[in-house]
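Enquirer: One structure is given below, represented as structure tokens, and several questions about it will come after.
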Amino acid sequence: MSEGRVALLLALLMGLQPITTDLYLPALPALSQSLAASSNQAQLTLSGLLLAFGLSQLLWGPLSDRIGRRPVVLLGLGLHALSALLCALAPVVELLLAGRLLQGVALGAAVACARAIVRDCFSGVQAVRVMGRGLSGVGLLATLAIPLGSLSVELLGWRLTLLLPGLLAAGSAVWIYLRGSESLPSPDPRALQPGRIATTWAGILSHPGFLAFTLLNAASFAGVFCLLASSPFVFMRRLALSPLQYGALMCSIVLCFALGTLLCRRLLARLPLQRVILIGGGLSLGGALLLLLQPIQASLPWLALPGCYLFMLGHGIHHTCGQSGAAAAFPQAAGSASALNGCLMMLVVFICGRLLAGGLDADSLAPLTRSVASAGLITGLLAWTLLPAYLTRGKRAQAGEKTA
């Protein structure tokens with residue numbers, strides 16, 4: 001498949017994740033009130049989805065290595081559409097949580113295969129470039145998701161808002177069924193054998209490059225999750241912004257992620273990967289420092305924006321480099337590598353979500369600023385220490401091979 005076709009497919013499949021999570025955010029206060037759910041229960045419908053999303057990839061990755069990416073993607077998109085209908089019709093919060101967990105499982109199939117498709121078709125800097133193009137599309141969808149969710153809540157109510165991601169999944173499934181082709185050149189008939197899975201996972205988890213890029217990805221994405229999960233309670237419930245005001249505010253924040261992916265693509269055309277990651281780390285650290293200087297009792301939401309903007313710019317770089325870098329060394333097991341990367345990321349996010357839930361009743365910006373600042377500091381330190389050490393070691397190994 002061509003770069004453009006893979007980038008479009010990547011945007012559709014990976015873009016389903018922010019549509020599923022971000023479009024839902026403006027509906028959280030309304031559905032909490034309608035279903036008599038606490039802030040903790042409402043937040044669990046988001047963090048629970050992400051946990052199911054991460055764990056399910058441990059199945060979807062090897063399965064896609066065995067039978068191919070296309071059938072797994074179609075199955076996942078179909079389940080996603082059905083689960084969206086279940087969520088929209090849920091009469092109690094427990095049934096809504098069940099629907100969101102099923103939606104997370106379905107989402108895992110689409111995203112794990114999307115990352116693997118890039119590795120099937122491309123390698124090296126070309127893979128990072130294609131990932132960047134696809135994530136620019138994801139960034140556009142993510143930028144539009146919260147404003148569209150806000151408008152939908154105002155005009156249609158929270159139930160129909162929860163149905164919209166399922167409509168996108170159904171439309172994507174039809175397009176892939178009619179126009180999509182299989183990217184895996186030769187499925188592995190042993191990919192689902194327990195012994196083979198254990199050996200493959202052990203090899204992936206012991207690879208320093210996989211660990212370095214996955215830790216970078218997990219730390220950065222944890223900050224994004226904390227920002228998104230706390231924002232409706234901080235900005236709408238505590239600071240009394242309307243859904244449309246909240247949507248406009250979050251649109252400006254998420255737009256910085258899309259700009260970060262574009263910045264990453266431009267930097268990669270001029271600089272080596274290590275320098276690009278260092279720049280991303282600087283943006284993460286800068287955002288964290290601005291947020292740490294933020295008065296936590298402030299009642300003005302825009303005081304937190306500069307730090308959030310810098311953090312999201314850095315995330316655009318880290319997400320682009322990390323998604324492709326984690327699977328780069330595993331051309332024969334790209335599905336499994338992508339799945340482990342996604343699973344570990346979501347485990348970190350789920351833990352952060354449970355820690356965050358206890359602070360959502362605070363009448364301040366503290367849940368948002370402290371959690372995102374902590375993630376920014378960790379991300380920046382990883383980008384400035386662990387990643388350069390790995391990439392430098394890899395260059396020395398390549399130089400040694402050439403000399404030999």
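Please note that chains go A, B, ... in the order of the structure tokens, that every chain numbers its residues from 1, and that ligands are numbered from 1 in the order shown.
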Considering only C-alpha atoms, return as a tab-separated table (two decimals) with N, CA and C atoms, in the first residue's frame whatever protein or nucleic-acid residues lie within 8 Å of Phe350 of chain A, sequence-local ones (same chain, fewer than 6 positions apart) excluded.
Expert:
```tsv
chain	number	residue	atom	x	y	z
A	47	SER	N	-11.60	5.43	32.43
A	47	SER	CA	-10.38	4.67	32.71
A	47	SER	C	-10.61	3.17	32.51
A	48	GLY	N	-11.83	2.68	32.79
A	48	GLY	CA	-12.14	1.27	32.55
A	48	GLY	C	-12.08	0.92	31.08
A	50	LEU	N	-10.21	2.37	28.89
A	50	LEU	CA	-8.81	2.35	28.48
A	50	LEU	C	-8.09	1.11	28.98
A	51	LEU	N	-8.46	0.61	30.18
A	51	LEU	CA	-7.86	-0.64	30.67
A	51	LEU	C	-8.25	-1.80	29.76
```
Enquirer: Select from segment 286-349 of chain A everything DSSP, run on the backbone, classes as helix (DSSP H, G or I), then give the selection as JSON, numbers by chain.
Expert: {"A": [286, 287, 288, 289, 290, 291, 292, 301, 302, 303, 304, 305, 306, 307, 308, 309, 310, 311, 312, 313, 314, 315, 316, 317, 318, 319, 320, 321, 322, 323, 324, 325, 326, 327, 334, 335, 336, 337, 338, 339, 340, 341, 342, 343, 344, 345, 346, 347, 348, 349]}
Enquirer: Given the choices A:Leu162, A:Gly15, A:Ser252, A:Ser64, which gets closest to Ala81 of chain A if the distance is worked out from only C-alpha atoms?
Expert: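 Among the listed residues, the smallest separation from Ala81 of chain A belongs to A:Leu162.
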Enquirer: Can you list, as a PyMOL selection string, every protein, DNA or RNA residue that comes within 9 Å of Val72 of chain A when you count only C-alpha atoms, leaving out same-chain residues fewer than 2 positions away?
Expert: chain A and resi 60+63-64+67-70+74-77+109-110+113
Enquirer: Work out how far apart atom CA of Ser152 of chain A and atom CA of Leu313 of chain A are and give it in Å to one decimal.
Expert: 27.2 Å
Enquirer: Quick one: residues within 9 Å of Gly247 of chain A, only C-alpha atoms, excluding same-chain residues fewer than 2 positions away - as a list in words?
Expert: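 Once the adjacent positions are removed, what remains is Pro26, Leu144, Ala145, Ile146, Pro147, Leu148, Gly149, Ser150, Leu151, Ser242, Pro243, Leu244, Gln245, Leu249, Met250, Cys251 and Ser252 of chain A.
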Enquirer: I'd like the interatomic distance between atom CA of Arg196 of chain A and atom CA of Ser338 of chain A, to a tenth of an Å.
Expert: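 Atom CA of Ser338 of chain A lies 16.4 Å from atom CA of Arg196 of chain A.
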Enquirer: Under the rule of at most 12 Å, produce a per-residue listing of segment 61-172 of chain A near segment 198-205 of chain A: chain, number, name, the closest pair of atoms, and the distance in Å, as JSON lines, using only C-alpha atoms.
Expert:
```
{"residue": "A:Gly61", "atom": "CA", "partner": "A:Trp201", "partner_atom": "CA", "distance": 10.9}
{"residue": "A:Pro62", "atom": "CA", "partner": "A:Thr200", "partner_atom": "CA", "distance": 9.5}
{"residue": "A:Asp65", "atom": "CA", "partner": "A:Thr200", "partner_atom": "CA", "distance": 11.4}
```
Enquirer: Could you make a table, as JSON lines, of the residues of segment 227-291 of chain A that have an atom within 6 Å of an atom of segment 379-382 of chain A, each with its nearest atom pair and distance in Å to one decimal, counting only C-alpha atoms, in chain and number order?
Expert:
```
{"residue": "A:Gly281", "atom": "CA", "partner": "A:Gly380", "partner_atom": "CA", "distance": 4.0}
{"residue": "A:Ser284", "atom": "CA", "partner": "A:Gly380", "partner_atom": "CA", "distance": 5.3}
{"residue": "A:Leu285", "atom": "CA", "partner": "A:Gly380", "partner_atom": "CA", "distance": 5.2}
```
Enquirer: Tell me, as an MDAnalysis selection string, which residues lie within 8 Å of segment 306-312 of chain A, counting only C-alpha atoms; anything in the same chain fewer than 6 positions away does not count.
Expert: chainID A and resid 224 253:254 256:257 260 283:291 372 376
Enquirer: Suppose we keep C-alpha atoms; can you now write the selection as a PDB file, in the first residue's frame?
Expert:
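Result written to part-v9.pdb:
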```pdb
ATOM      1  CA  VAL A 224      -2.955  13.488  28.274  1.00  0.00           C
ATOM      2  CA  ILE A 253      -5.527  22.386  23.823  1.00  0.00           C
ATOM      3  CA  VAL A 254      -5.965  19.310  21.610  1.00  0.00           C
ATOM      4  CA  CYS A 256      -1.572  21.615  19.962  1.00  0.00           C
ATOM      5  CA  PHE A 257      -1.262  17.818  19.708  1.00  0.00           C
ATOM      6  CA  GLY A 260       3.004  18.680  17.466  1.00  0.00           C
ATOM      7  CA  LEU A 283       8.519  20.969  25.431  1.00  0.00           C
ATOM      8  CA  SER A 284       7.280  18.451  28.011  1.00  0.00           C
ATOM      9  CA  LEU A 285       9.542  19.868  30.712  1.00  0.00           C
ATOM     10  CA  GLY A 286       8.599  23.438  29.831  1.00  0.00           C
ATOM     11  CA  GLY A 287       4.897  22.643  30.094  1.00  0.00           C
ATOM     12  CA  ALA A 288       5.434  20.879  33.432  1.00  0.00           C
ATOM     13  CA  LEU A 289       7.308  23.832  34.911  1.00  0.00           C
ATOM     14  CA  LEU A 290       4.607  26.296  33.844  1.00  0.00           C
ATOM     15  CA  LEU A 291       1.941  24.098  35.421  1.00  0.00           C
ATOM     16  CA  VAL A 372      -0.133  16.737  34.008  1.00  0.00           C
ATOM     17  CA  GLY A 376       5.535  16.134  31.844  1.00  0.00           C
TER      18      GLY A 376
END
```
Enquirer: In Å, with one decimal, what is the gap from atom CA of Leu292 of chain A to atom CA of Cys226 of chain A?
Expert: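 Rounded to one decimal, the two atoms are 15.0 Å apart.
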Enquirer: Using only C-alpha atoms, which of A:Ser183, A:Ser231, A:Gln193, A:Ser56 sits nearest Ala27 of chain A?
Expert: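 Of the candidates, the smallest distance to Ala27 of chain A is held by A:Ser231.
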